[in-house]
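Q: Input structure: my_file.csv, which contains CSV, C-alpha atoms.
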chain,number,residue,atom,x,y,z
A,231,MET,CA,-27.5,-17.5,-52.3
A,232,THR,CA,-26.8,-16.0,-55.7
A,233,ALA,CA,-25.3,-12.5,-55.5
A,234,PRO,CA,-27.3,-9.8,-57.4
A,235,ALA,CA,-26.0,-8.9,-60.8
A,236,ARG,CA,-23.7,-5.9,-60.8
A,237,THR,CA,-25.1,-2.8,-62.4
A,238,ARG,CA,-22.8,-1.4,-65.1
A,239,ASP,CA,-22.3,2.3,-65.4
A,240,SER,CA,-22.7,4.4,-68.6
A,241,ALA,CA,-19.1,4.3,-69.6
A,242,GLU,CA,-18.9,0.5,-69.1
A,243,LEU,CA,-22.1,-0.1,-71.1
A,244,ILE,CA,-20.9,2.1,-73.9
A,245,ARG,CA,-17.5,0.2,-74.0
A,246,ALA,CA,-19.4,-3.2,-73.9
A,247,GLU,CA,-21.3,-2.3,-77.1
A,248,GLU,CA,-18.2,-1.6,-79.1
A,249,PRO,CA,-17.1,-5.1,-80.0
A,250,VAL,CA,-20.6,-6.7,-80.3
A,251,LEU,CA,-22.8,-4.0,-82.0
A,252,ALA,CA,-22.5,-3.0,-85.7
A,253,HIS,CA,-21.2,0.6,-85.9
A,254,ASN,CA,-24.0,1.9,-88.0
A,255,TYR,CA,-24.9,4.7,-85.5
A,256,HIS,CA,-22.9,7.3,-83.7
A,257,PRO,CA,-25.0,8.0,-80.6
A,258,LEU,CA,-24.4,10.7,-78.0
A,259,PRO,CA,-22.7,9.2,-74.9
A,260,VAL,CA,-25.8,8.9,-72.8
A,261,VAL,CA,-27.2,5.6,-71.7
A,262,VAL,CA,-31.0,5.9,-71.0
A,263,ALA,CA,-32.5,3.5,-68.4
A,264,ARG,CA,-35.9,5.1,-67.6
A,265,ALA,CA,-38.2,7.6,-69.1
A,266,GLU,CA,-41.6,9.3,-68.6
A,267,GLY,CA,-43.2,12.2,-70.5
A,268,ALA,CA,-40.6,14.5,-71.9
A,269,TRP,CA,-37.9,13.3,-69.6
A,270,VAL,CA,-35.3,10.5,-69.6
A,271,GLU,CA,-32.9,9.3,-67.0
A,272,ASP,CA,-29.6,7.6,-67.4
A,273,VAL,CA,-28.2,4.7,-65.5
A,274,GLU,CA,-26.6,7.0,-63.0
A,275,GLY,CA,-29.9,8.8,-62.4
A,276,ARG,CA,-29.1,12.0,-64.3
A,277,ARG,CA,-32.2,13.5,-65.9
A,278,TYR,CA,-32.4,15.0,-69.4
A,279,LEU,CA,-35.2,16.8,-71.3
A,280,ASP,CA,-35.8,14.9,-74.5
A,281,MET,CA,-35.9,17.4,-77.3
A,282,LEU,CA,-35.7,14.8,-80.1
A,283,ALA,CA,-38.6,12.4,-79.2
A,284,GLY,CA,-37.2,9.6,-81.3
A,285,TYR,CA,-37.3,11.5,-84.5
A,286,SER,CA,-41.1,12.0,-83.9
A,287,ALA,CA,-41.6,8.4,-82.9
A,288,LEU,CA,-42.4,9.7,-79.4
A,289,ASN,CA,-44.8,12.5,-80.3
A,290,PHE,CA,-46.9,11.6,-77.2
A,291,GLY,CA,-43.9,11.4,-74.9
A,292,HIS,CA,-42.4,8.4,-73.2
A,293,ARG,CA,-44.8,5.9,-71.7
A,294,HIS,CA,-48.0,7.9,-72.3
A,295,PRO,CA,-50.5,6.4,-69.8
A,296,ALA,CA,-53.2,5.8,-72.4
A,297,LEU,CA,-50.8,4.0,-74.8
A,298,ILE,CA,-49.2,1.9,-72.0
A,299,GLU,CA,-52.6,0.9,-70.8
A,300,ALA,CA,-53.6,-0.2,-74.3
A,301,ALA,CA,-50.5,-2.2,-74.7
A,302,HIS,CA,-50.8,-3.9,-71.3
A,303,ARG,CA,-54.5,-4.7,-72.0
A,304,GLN,CA,-53.6,-6.3,-75.4
A,305,LEU,CA,-50.6,-8.2,-74.0
A,306,ASP,CA,-52.9,-10.0,-71.7
A,307,ARG,CA,-55.1,-11.1,-74.6
A,308,LEU,CA,-53.3,-11.6,-78.0
A,309,THR,CA,-50.2,-10.3,-79.6
A,310,LEU,CA,-49.7,-12.0,-83.0
A,311,THR,CA,-51.6,-14.2,-85.4
A,312,SER,CA,-49.9,-13.3,-88.7
A,313,ARG,CA,-52.2,-12.2,-91.5
A,314,ALA,CA,-53.0,-15.9,-92.2
A,315,PHE,CA,-55.9,-15.3,-89.9
A,316,HIS,CA,-58.1,-12.2,-89.0
A,317,ASN,CA,-57.7,-10.6,-85.6
A,318,ASP,CA,-60.3,-8.6,-83.6
A,319,ARG,CA,-58.2,-5.4,-83.4
A,320,LEU,CA,-57.3,-4.7,-87.0
A,321,ALA,CA,-60.7,-3.6,-88.4
A,322,GLU,CA,-61.1,-0.7,-85.9
A,323,PHE,CA,-57.5,0.4,-86.4
A,324,ALA,CA,-57.9,0.6,-90.2
A,325,GLU,CA,-61.4,2.2,-90.0
A,326,ARG,CA,-60.2,5.0,-87.7
A,327,LEU,CA,-56.9,5.6,-89.5
A,328,ALA,CA,-58.7,5.9,-92.8
A,329,ALA,CA,-61.1,8.4,-91.3
A,330,LEU,CA,-58.3,10.4,-89.6
A,331,THR,CA,-56.5,10.9,-92.9
A,332,GLY,CA,-59.5,11.3,-95.1
A,333,LEU,CA,-58.5,8.3,-97.3
A,334,GLY,CA,-60.2,5.0,-97.9
A,335,MET,CA,-57.9,2.1,-97.4
A,336,VAL,CA,-55.0,1.0,-95.2
A,337,LEU,CA,-52.0,-1.3,-95.8
A,338,PRO,CA,-50.5,-2.0,-92.3
A,339,MET,CA,-46.7,-2.5,-92.1
A,340,ASN,CA,-44.1,-2.2,-89.4
A,341,THR,CA,-41.3,0.3,-90.1
A,342,GLY,CA,-41.2,3.5,-92.1
A,343,ALA,CA,-38.9,2.1,-94.7
A,344,GLU,CA,-41.4,-0.8,-95.2
A,345,ALA,CA,-44.1,1.7,-95.8
A,346,VAL,CA,-42.0,3.5,-98.4
A,347,GLU,CA,-41.1,0.3,-100.1
A,348,SER,CA,-44.7,-0.8,-100.1
A,349,ALA,CA,-45.8,2.4,-101.6
A,350,ILE,CA,-43.3,2.1,-104.4
A,351,LYS,CA,-44.6,-1.4,-105.2
A,352,VAL,CA,-48.2,-0.2,-105.1
A,353,ALA,CA,-47.4,2.8,-107.4
A,354,ARG,CA,-45.7,0.6,-110.0
A,355,LYS,CA,-48.6,-1.9,-109.9
A,356,TRP,CA,-51.1,0.9,-110.3
A,357,ALA,CA,-49.1,2.3,-113.2
A,358,TYR,CA,-49.2,-1.0,-115.0
A,359,ASP,CA,-52.8,-2.0,-114.2
A,360,VAL,CA,-54.5,1.3,-114.2
A,361,LYS,CA,-52.5,3.9,-116.1
A,362,GLY,CA,-51.3,1.5,-118.8
A,363,VAL,CA,-47.5,2.1,-118.5
A,364,PRO,CA,-45.6,-0.6,-120.4
A,365,ALA,CA,-44.2,-3.4,-118.2
A,366,ASP,CA,-41.1,-2.6,-116.3
A,367,ARG,CA,-41.1,1.0,-117.5
A,368,ALA,CA,-42.7,2.8,-114.5
A,369,THR,CA,-40.7,5.7,-113.0
A,370,VAL,CA,-41.1,7.5,-109.7
A,371,VAL,CA,-40.0,11.1,-109.3
A,372,VAL,CA,-38.3,12.1,-106.0
A,373,ALA,CA,-36.7,15.1,-104.4
A,374,ALA,CA,-33.0,15.7,-103.8
A,375,GLU,CA,-31.9,15.7,-100.2
A,376,ASN,CA,-34.7,13.3,-99.4
A,377,PHE,CA,-34.7,10.8,-96.6
A,378,HIS,CA,-37.2,7.9,-96.9
A,379,GLY,CA,-35.2,5.1,-95.2
A,380,ARG,CA,-32.1,3.0,-95.8
A,381,THR,CA,-33.1,-0.1,-97.8
A,382,THR,CA,-31.2,-0.7,-101.0
A,383,THR,CA,-34.0,0.5,-103.2
A,384,ILE,CA,-34.5,3.6,-101.1
A,385,VAL,CA,-30.8,4.6,-101.0
A,386,SER,CA,-30.9,4.1,-104.8
A,387,PHE,CA,-32.6,7.5,-105.0
A,388,SER,CA,-30.8,9.2,-102.1
A,389,THR,CA,-28.4,12.1,-102.8
A,390,ASP,CA,-26.6,11.5,-99.5
A,391,GLU,CA,-23.4,9.8,-100.3
A,392,THR,CA,-23.0,8.4,-96.8
A,393,ALA,CA,-26.2,6.5,-97.3
A,394,ARG,CA,-25.3,5.4,-100.9
A,395,SER,CA,-21.6,4.8,-101.1
A,396,GLY,CA,-20.7,1.1,-101.2
A,397,PHE,CA,-24.2,-0.2,-101.5
A,398,GLY,CA,-24.7,-0.5,-105.3
A,399,PRO,CA,-25.8,-1.7,-107.7
A,400,PHE,CA,-28.8,0.6,-107.4
A,401,THR,CA,-32.4,0.0,-108.3
A,402,PRO,CA,-33.4,1.8,-111.5
A,403,GLY,CA,-36.7,3.7,-112.2
A,404,PHE,CA,-36.2,6.9,-110.2
A,405,ARG,CA,-35.8,10.5,-111.3
A,406,ILE,CA,-34.4,13.0,-108.8
A,407,VAL,CA,-35.3,16.7,-109.0
A,408,PRO,CA,-34.6,19.6,-106.7
A,409,TYR,CA,-36.9,20.0,-103.8
A,410,ASN,CA,-39.3,22.9,-103.8
A,411,ASP,CA,-39.0,23.4,-107.6
A,412,LEU,CA,-42.2,22.9,-109.4
A,413,ALA,CA,-40.7,23.6,-112.8
A,414,ALA,CA,-38.1,20.9,-112.4
A,415,LEU,CA,-40.7,18.5,-111.2
A,416,GLU,CA,-43.0,19.1,-114.2
A,417,ALA,CA,-40.0,18.6,-116.6
A,418,ALA,CA,-39.3,15.2,-115.0
A,419,VAL,CA,-42.9,13.9,-115.2
A,420,ASP,CA,-43.9,12.0,-118.4
A,421,GLU,CA,-46.2,9.2,-119.5
A,422,THR,CA,-44.1,6.6,-117.6
A,423,THR,CA,-44.4,8.4,-114.2
A,424,ALA,CA,-46.2,6.3,-111.7
A,425,ALA,CA,-45.9,8.7,-108.8
A,426,VAL,CA,-44.2,11.7,-107.2
A,427,LEU,CA,-42.8,10.8,-103.8
A,428,ILE,CA,-41.9,13.6,-101.5
A,429,GLU,CA,-41.7,14.6,-97.8
A,430,PRO,CA,-44.0,17.6,-97.2
A,431,ILE,CA,-41.2,18.8,-94.9
A,432,GLN,CA,-37.7,17.3,-95.4
A,433,GLY,CA,-36.7,16.1,-91.9
A,434,GLU,CA,-33.2,14.6,-92.2
A,435,ALA,CA,-32.2,17.5,-94.5
A,436,GLY,CA,-32.6,19.9,-91.6
A,437,VAL,CA,-36.4,20.4,-91.3
A,438,VAL,CA,-36.7,22.1,-94.7
A,439,VAL,CA,-40.1,23.7,-95.1
A,440,PRO,CA,-41.1,24.3,-98.8
A,441,ASP,CA,-42.5,27.6,-100.1
A,442,ASP,CA,-46.2,28.2,-99.7
A,443,GLY,CA,-48.0,26.7,-102.7
A,444,TYR,CA,-45.4,24.0,-103.4
A,445,LEU,CA,-47.5,21.1,-102.0
A,446,ALA,CA,-50.6,22.5,-103.7
A,447,GLY,CA,-48.6,22.7,-106.9
A,448,VAL,CA,-47.5,19.1,-106.6
A,449,ARG,CA,-51.1,18.0,-106.1
A,450,GLU,CA,-52.3,20.0,-109.2
A,451,LEU,CA,-49.4,18.7,-111.3
A,452,THR,CA,-49.9,15.0,-110.4
A,453,ARG,CA,-53.6,15.3,-110.9
A,454,ARG,CA,-53.2,17.0,-114.3
A,455,THR,CA,-50.5,14.5,-115.6
A,456,GLY,CA,-52.3,11.4,-114.2
A,457,CYS,CA,-49.8,10.1,-111.7
A,458,LEU,CA,-50.0,9.6,-107.9
A,459,PHE,CA,-48.9,12.0,-105.2
A,460,ILE,CA,-47.3,10.1,-102.4
A,461,ALA,CA,-46.7,12.1,-99.2
A,462,ASP,CA,-44.1,10.7,-96.8
A,463,GLU,CA,-45.5,11.9,-93.5
A,464,ILE,CA,-43.6,9.4,-91.4
A,465,GLN,CA,-41.8,12.2,-89.5
A,466,SER,CA,-44.0,15.2,-90.3
A,467,GLY,CA,-47.4,13.5,-89.6
A,468,LEU,CA,-49.6,12.8,-86.6
A,469,GLY,CA,-49.5,16.2,-84.9
A,470,ARG,CA,-45.9,17.2,-85.2
A,471,THR,CA,-46.5,20.3,-87.3
A,472,GLY,CA,-49.7,21.5,-85.6
A,473,ARG,CA,-52.0,19.6,-88.0
A,474,THR,CA,-52.7,15.9,-88.2
A,475,LEU,CA,-50.8,15.8,-91.5
A,476,ALA,CA,-48.3,18.4,-92.7
A,477,VAL,CA,-50.1,18.6,-96.1
A,478,GLU,CA,-53.1,20.0,-94.4
A,479,HIS,CA,-51.3,23.4,-94.1
A,480,GLU,CA,-52.1,23.7,-97.8
A,481,GLY,CA,-55.4,21.9,-97.8
A,482,VAL,CA,-53.9,19.1,-99.9
A,483,VAL,CA,-55.1,15.5,-100.0
A,484,PRO,CA,-52.5,13.2,-101.6
A,485,ASP,CA,-53.4,9.9,-103.2
A,486,VAL,CA,-51.2,8.1,-100.8
A,487,VAL,CA,-49.9,9.0,-97.3
A,488,LEU,CA,-47.1,7.1,-95.5
A,489,LEU,CA,-47.2,7.0,-91.7
A,490,GLY,CA,-45.0,5.4,-89.1
A,491,LYS,CA,-42.9,6.4,-86.1
A,492,ALA,CA,-45.6,8.1,-83.8
A,493,LEU,CA,-48.2,5.6,-85.0
A,494,GLY,CA,-46.6,3.1,-82.7
A,495,GLY,CA,-46.7,5.4,-79.7
A,496,GLY,CA,-43.1,4.8,-78.9
A,497,ILE,CA,-44.0,1.2,-77.9
A,498,VAL,CA,-44.0,-1.0,-81.0
A,499,PRO,CA,-43.0,-0.3,-84.6
A,500,VAL,CA,-46.2,0.4,-86.6
A,501,SER,CA,-46.4,1.9,-90.1
A,502,ALA,CA,-49.1,2.2,-92.8
A,503,VAL,CA,-49.7,3.1,-96.4
A,504,VAL,CA,-53.0,4.9,-96.4
A,505,ALA,CA,-54.5,5.6,-99.8
A,506,HIS,CA,-57.6,6.0,-102.0
A,507,ARG,CA,-59.3,2.7,-102.3
A,508,GLU,CA,-58.8,2.5,-106.1
A,509,VAL,CA,-55.0,2.8,-105.5
A,510,LEU,CA,-54.6,0.1,-102.9
A,511,SER,CA,-57.1,-2.2,-104.6
A,512,VAL,CA,-54.5,-3.1,-107.2
A,513,LEU,CA,-52.9,-5.5,-104.6
A,514,ARG,CA,-54.1,-9.1,-104.7
A,515,PRO,CA,-53.4,-11.9,-102.2
A,516,GLY,CA,-49.9,-13.1,-102.3
A,517,GLU,CA,-48.5,-10.0,-104.0
A,518,HIS,CA,-47.4,-8.2,-100.8
A,519,GLY,CA,-47.4,-8.9,-97.1
A,520,SER,CA,-45.8,-8.9,-93.7
A,521,THR,CA,-45.9,-11.4,-90.9
A,522,PHE,CA,-46.1,-8.7,-88.2
A,523,GLY,CA,-47.9,-6.1,-90.2
A,524,GLY,CA,-51.3,-5.4,-88.6
A,525,ASN,CA,-50.6,-7.6,-85.6
A,526,PRO,CA,-53.1,-7.2,-82.7
A,527,LEU,CA,-50.6,-5.5,-80.4
A,528,ALA,CA,-49.7,-3.0,-83.0
A,529,ALA,CA,-53.3,-2.4,-84.0
A,530,ALA,CA,-54.3,-1.8,-80.3
A,531,VAL,CA,-51.5,0.7,-79.7
A,532,GLY,CA,-52.1,2.4,-83.1
A,533,THR,CA,-55.8,2.7,-82.3
A,534,ALA,CA,-55.0,4.3,-79.0
A,535,VAL,CA,-52.7,6.8,-80.8
A,536,ILE,CA,-55.5,7.7,-83.2
A,537,GLU,CA,-57.8,8.2,-80.2
A,538,LEU,CA,-55.4,10.8,-78.9
A,539,LEU,CA,-55.2,12.6,-82.2
A,540,GLU,CA,-59.0,12.5,-82.7
A,541,THR,CA,-59.4,15.0,-79.9
A,542,GLY,CA,-57.2,17.6,-81.7
A,543,GLU,CA,-55.5,18.4,-78.4
A,544,PHE,CA,-52.0,17.5,-79.6
A,545,GLN,CA,-52.3,19.3,-82.9
A,546,GLN,CA,-53.3,22.4,-80.9
A,547,ARG,CA,-50.4,22.1,-78.5
A,548,ALA,CA,-47.9,21.8,-81.3
A,549,GLN,CA,-49.4,24.8,-83.0
A,550,GLU,CA,-49.4,27.0,-79.9
A,551,LEU,CA,-46.0,25.8,-78.5
A,552,GLY,CA,-44.6,26.1,-82.0
A,553,VAL,CA,-45.0,29.8,-81.7
A,554,VAL,CA,-42.9,29.7,-78.5
A,555,LEU,CA,-40.3,27.6,-80.3
A,556,ARG,CA,-40.2,29.9,-83.4
A,557,ASP,CA,-40.0,33.1,-81.4
A,558,GLY,CA,-37.3,31.7,-79.1
A,559,LEU,CA,-35.1,30.7,-82.0
A,560,ALA,CA,-35.7,34.0,-83.8
A,561,SER,CA,-34.2,35.7,-80.8
A,562,LEU,CA,-31.0,33.6,-81.1
A,563,VAL,CA,-30.4,34.6,-84.7
A,564,GLY,CA,-27.1,36.5,-84.7
A,565,GLN,CA,-26.2,35.1,-81.3
A,566,GLY,CA,-24.8,31.8,-82.5
A,567,VAL,CA,-27.7,30.8,-84.7
A,568,VAL,CA,-27.3,31.8,-88.4
A,569,GLY,CA,-30.8,30.6,-89.4
A,570,PHE,CA,-33.6,28.2,-88.7
A,571,ARG,CA,-36.7,26.6,-90.2
A,572,ALA,CA,-39.7,25.6,-88.1
A,573,ARG,CA,-43.2,24.3,-88.4
A,574,GLY,CA,-45.1,23.4,-85.3
A,575,LEU,CA,-42.9,21.7,-82.7
A,576,TRP,CA,-40.2,20.9,-85.2
A,577,ALA,CA,-37.2,22.9,-86.1
A,578,GLY,CA,-33.8,22.7,-87.9
A,579,VAL,CA,-31.3,25.2,-86.4
A,580,ASP,CA,-28.2,26.2,-88.2
A,581,ILE,CA,-25.4,26.9,-85.8
A,582,ASP,CA,-22.6,29.3,-86.6
A,583,PRO,CA,-19.7,27.0,-87.6
A,584,ALA,CA,-17.3,29.2,-85.7
A,585,ILE,CA,-19.0,28.1,-82.4
A,586,GLY,CA,-19.1,24.4,-83.2
A,587,THR,CA,-20.4,21.6,-85.3
A,588,GLY,CA,-23.9,20.2,-84.8
A,589,ARG,CA,-22.4,17.3,-83.0
A,590,GLU,CA,-20.4,19.5,-80.6
A,591,ILE,CA,-23.4,21.6,-79.8
A,592,SER,CA,-25.4,18.5,-79.2
A,593,GLU,CA,-22.8,17.2,-76.8
A,594,ARG,CA,-22.6,20.5,-74.9
A,595,LEU,CA,-26.4,20.5,-74.6
A,596,MET,CA,-26.3,16.9,-73.3
A,597,ARG,CA,-24.0,17.9,-70.5
A,598,GLU,CA,-26.5,20.6,-69.6
A,599,GLY,CA,-29.4,18.1,-69.5
A,600,ILE,CA,-30.9,18.7,-73.0
A,601,LEU,CA,-31.0,16.0,-75.7
A,602,VAL,CA,-31.0,17.0,-79.3
A,603,LYS,CA,-29.4,15.5,-82.5
A,604,ASP,CA,-27.3,17.0,-85.2
A,605,THR,CA,-27.6,16.6,-88.9
A,606,HIS,CA,-25.5,17.9,-91.9
A,607,GLY,CA,-22.6,19.6,-90.3
A,608,SER,CA,-23.7,22.5,-88.1
A,609,THR,CA,-27.4,21.9,-88.0
A,610,ILE,CA,-29.3,20.5,-85.0
A,611,ARG,CA,-32.9,19.3,-84.9
A,612,LEU,CA,-35.4,20.1,-82.3
A,613,ALA,CA,-38.5,17.9,-82.0
A,614,PRO,CA,-39.7,17.7,-78.4
A,615,PRO,CA,-42.7,15.4,-77.5
A,616,LEU,CA,-46.0,17.2,-78.0
A,617,THR,CA,-46.5,16.7,-74.3
A,618,VAL,CA,-43.7,19.1,-73.5
A,619,THR,CA,-44.8,22.1,-71.3
A,620,GLU,CA,-44.2,25.7,-72.2
A,621,GLN,CA,-41.9,26.0,-69.2
A,622,GLU,CA,-39.8,23.0,-70.3
A,623,LEU,CA,-39.6,24.4,-73.8
A,624,ARG,CA,-38.5,27.8,-72.7
A,625,SER,CA,-36.0,26.2,-70.3
A,626,ALA,CA,-34.5,24.3,-73.3
A,627,LEU,CA,-34.2,27.4,-75.4
A,628,LYS,CA,-32.6,29.2,-72.5
A,629,THR,CA,-30.0,26.4,-72.2
A,630,LEU,CA,-29.4,26.6,-75.9
A,631,GLU,CA,-28.8,30.3,-75.6
A,632,ALA,CA,-26.3,29.8,-72.7
A,633,VAL,CA,-24.4,27.0,-74.6
A,634,LEU,CA,-24.1,29.2,-77.7
A,635,ALA,CA,-23.0,32.2,-75.6
A,636,HIS,CA,-20.3,30.0,-73.9
A,637,GLY,CA,-19.1,28.7,-77.2
A,638,ALA,CA,-18.7,32.2,-78.6
For this file, write the structure as C-alpha cells.

A:
Amino acid sequence: MTAPARTRDSAELIRAEEPVLAHNYHPLPVVVARAEGAWVEDVEGRRYLDMLAGYSALNFGHRHPALIEAAHRQLDRLTLTSRAFHNDRLAEFAERLAALTGLGMVLPMNTGAEAVESAIKVARKWAYDVKGVPADRATVVVAAENFHGRTTTIVSFSTDETARSGFGPFTPGFRIVPYNDLAALEAAVDETTAAVLIEPIQGEAGVVVPDDGYLAGVRELTRRTGCLFIADEIQSGLGRTGRTLAVEHEGVVPDVVLLGKALGGGIVPVSAVVAHREVLSVLRPGEHGSTFGGNPLAAAVGTAVIELLETGEFQQRAQELGVVLRDGLASLVGQGVVGFRARGLWAGVDIDPAIGTGREISERLMREGILVKDTHGSTIRLAPPLTVTEQELRSALKTLEAVLAHGA
C-alpha cells in the first residue's frame, strides 16, 4: 500500500521554490493553501485577512459562489475552441460588457498587459487608417510613474528603472509627460499623436488620485486635438473605486477602456479592450488575435462577473466602506502615517520611514494576520475584496494602528 504523500510546511515549500522558480517576485513569506471570501489560510492553518485582493483581481473575494458555479457549469460543457470557431458564450459576454461600459465593441484577450499591447496596436492602426498619420510615425502620450505591464514595449515607456534596466533596446513612439499635468500633456500632443494612454488612478505608483477635473481635461483635450483617450482601468475598474469605472467619477467616457484582473473573477485570466465601434473596426482578420482570448470558460466567468456588477451592489459597498477606510486612515495621520490617498476601497498609505519600510510594515501586519503589499519604499497598498465587511475592515485598521504604535 502506497504511503500518503508527506505535506510540506511553509518554510520547506518556500525553500523548494528557490532553485526552480525564476526570482522575478519577492513575495511575503506566507504560503496560501485555501481561501474563501476575504480570508486566506496557509498550509499550517493560520488565517489571514486579505487586504490586497490580488491587486484587484479578487474584487469579489476568493471563490465567490456565483463565479465558482459559473466556472463549474462551463467546465462540464466546453472550455476552449480557439477563435478559429465561434462559441456559444462569447456573444453574451461581449454584449453585456459593451453595455456595462457604455461602449460599442469588445476585443477579448487574457492578461492586462495583452490588453494594453492590443490597445497600442489598435491606436496606431486607427491613426494610420482614420486620422491619416504617415506610416510608422504614430506616437502615444503616456504619464510618468505609470504601470501598464511588463512586456518589452510597455517597459519602453515606464519611468521605473527596476522595470526598464537591462531590457533594452526599447520600442520608440512614446512621449512621457508628468501625471496630473494638463499643460504638459497638451504640449506633447501633436498631429502624430494616436492616443493618450493613462491610468485614471495610478495604482503601482501608490494609488495616486489626480486632481478633480484632470480626467475631464484629458477627455476635452483628446477630443479637440483628434486623438484617442485610452483609460487603463485594469486595476481601478469594475467596482474598486465605488463606480463601475473610475472615469465615471468625472462623468467621462473614453474612446477605449482597458479591463482585466477582476474581469476573470479570480478564477481565470480575462482581459478586454472595450472601445467605440469605429475604433475597433480598424482591425481585420489576421491582424491581431489570441488562442485563448474569448474562450468559453473565460466568457462564462466574465459574464458572471458582469452580472454581479449590473446590480450596483458592489459599487455601493466600495463607496460606503470607502468612507470607513478613508476616515480610519485619516485618524492615523501623525501616528505613523505621514499621508495617504484613497478612492473607494483602494488606498496608498505612506508610512513614516522612521517606523519602517513598506516591506517591513507588510511583514509585521502579516504576523498579525493581515495581508497587504508594499510599493515604492515606505508606501503600502490597501485593496480589500469588495465583499469585506465593515467589521473586518475596522479590525484591519485597528491592527495597522497597533503595528504602527509598536514600531514607534

Q: Pull the neighbourhood of (-50.9, -6.6, -89.6) for me: all residues within 8 Å in file coordinates, counting only C-alpha atoms, as a PyMOL selection string.

A: chain A and resi 312-313+320+338-339+520-526+528-529

Q: List the neighbours of Ile460 of chain A out to 8 Å using all atoms listed in the file; skip same-chain residues closer than 2 positions along the sequence, and give me the result as a PyMOL selection string.

A: chain A and resi 349+425-428+458+462+484-488

Q: So which one's closest to Val579 of chain A, A:Val498, A:Val438, A:Leu475, A:Leu551? Using only C-alpha atoms, please.

A: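 Between A:Val498, A:Val438, A:Leu475, A:Leu551, the residue approaching Val579 of chain A most closely is A:Val438.
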
Q: Name all residues at most 8 Å from segment 400-404 of chain A (count all atoms listed in the file; drop same-chain ones fewer than 6 positions away) and give them as a list in words.

A: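 Contacts, with the query itself left out: Arg367, Ala368, Thr369, Val370, Val371, Val372, Thr382, Thr383, Val385, Ser386 and Phe387 of chain A.
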
Q: For atom CA of Gly588 of chain A and atom CA of Val602 of chain A, quote the distance in Å rounded to one decimal.

A: 9.5 Å

Q: Please identify all polymer residues within 7 Å of segment 439-449 of chain A, counting all atoms listed in the file, omitting same-chain residues fewer than 3 positions from it, and present them as a list in words.

A: Asn410, Leu412, Pro430, Ile431, Gln432, Thr452, Arg453, Phe459, Val477, Glu480, Val482, Pro484 and Arg571 of chain A

Q: One decimal, in Å: what's the spacing between atom CA of Ala424 of chain A and atom CA of Gly436 of chain A?

A: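 Going from atom CA of Ala424 of chain A over to atom CA of Gly436 of chain A covers 27.8 Å.
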
Q: Kindly output segment 314-325 of chain A as a CSV table (one decimal), in the coordinates of the input, after building N, CA, C and O atoms.

A:
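So part06.csv came out as:
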chain,number,residue,atom,x,y,z
A,314,ALA,N,-52.3,-14.7,-91.7
A,314,ALA,CA,-53.0,-15.9,-92.2
A,314,ALA,C,-54.4,-16.0,-91.6
A,314,ALA,O,-55.2,-16.8,-92.1
A,315,PHE,N,-54.6,-15.3,-90.5
A,315,PHE,CA,-55.9,-15.3,-89.9
A,315,PHE,C,-56.3,-13.8,-89.6
A,315,PHE,O,-55.5,-12.9,-89.6
A,316,HIS,N,-57.6,-13.6,-89.4
A,316,HIS,CA,-58.1,-12.2,-89.0
A,316,HIS,C,-57.8,-12.1,-87.5
A,316,HIS,O,-57.6,-13.1,-86.8
A,317,ASN,N,-57.7,-10.8,-87.0
A,317,ASN,CA,-57.7,-10.6,-85.6
A,317,ASN,C,-58.7,-9.5,-85.2
A,317,ASN,O,-59.1,-8.7,-86.1
A,318,ASP,N,-59.1,-9.5,-84.0
A,318,ASP,CA,-60.3,-8.6,-83.6
A,318,ASP,C,-59.9,-7.2,-83.4
A,318,ASP,O,-60.8,-6.3,-83.1
A,319,ARG,N,-58.6,-6.8,-83.6
A,319,ARG,CA,-58.2,-5.4,-83.4
A,319,ARG,C,-58.0,-4.6,-84.7
A,319,ARG,O,-57.9,-3.4,-84.7
A,320,LEU,N,-57.8,-5.3,-85.8
A,320,LEU,CA,-57.3,-4.7,-87.0
A,320,LEU,C,-58.4,-3.9,-87.7
A,320,LEU,O,-58.1,-2.8,-88.3
A,321,ALA,N,-59.6,-4.3,-87.7
A,321,ALA,CA,-60.7,-3.6,-88.4
A,321,ALA,C,-60.8,-2.2,-87.9
A,321,ALA,O,-60.9,-1.2,-88.6
A,322,GLU,N,-60.9,-2.1,-86.6
A,322,GLU,CA,-61.1,-0.7,-85.9
A,322,GLU,C,-59.9,0.2,-86.2
A,322,GLU,O,-60.1,1.4,-86.5
A,323,PHE,N,-58.7,-0.4,-86.1
A,323,PHE,CA,-57.5,0.4,-86.4
A,323,PHE,C,-57.5,1.0,-87.9
A,323,PHE,O,-57.3,2.2,-88.1
A,324,ALA,N,-57.9,0.1,-88.8
A,324,ALA,CA,-57.9,0.6,-90.2
A,324,ALA,C,-59.1,1.6,-90.4
A,324,ALA,O,-58.9,2.6,-91.2
A,325,GLU,N,-60.2,1.3,-89.9
A,325,GLU,CA,-61.4,2.2,-90.0
A,325,GLU,C,-61.0,3.6,-89.5
A,325,GLU,O,-61.3,4.6,-90.2
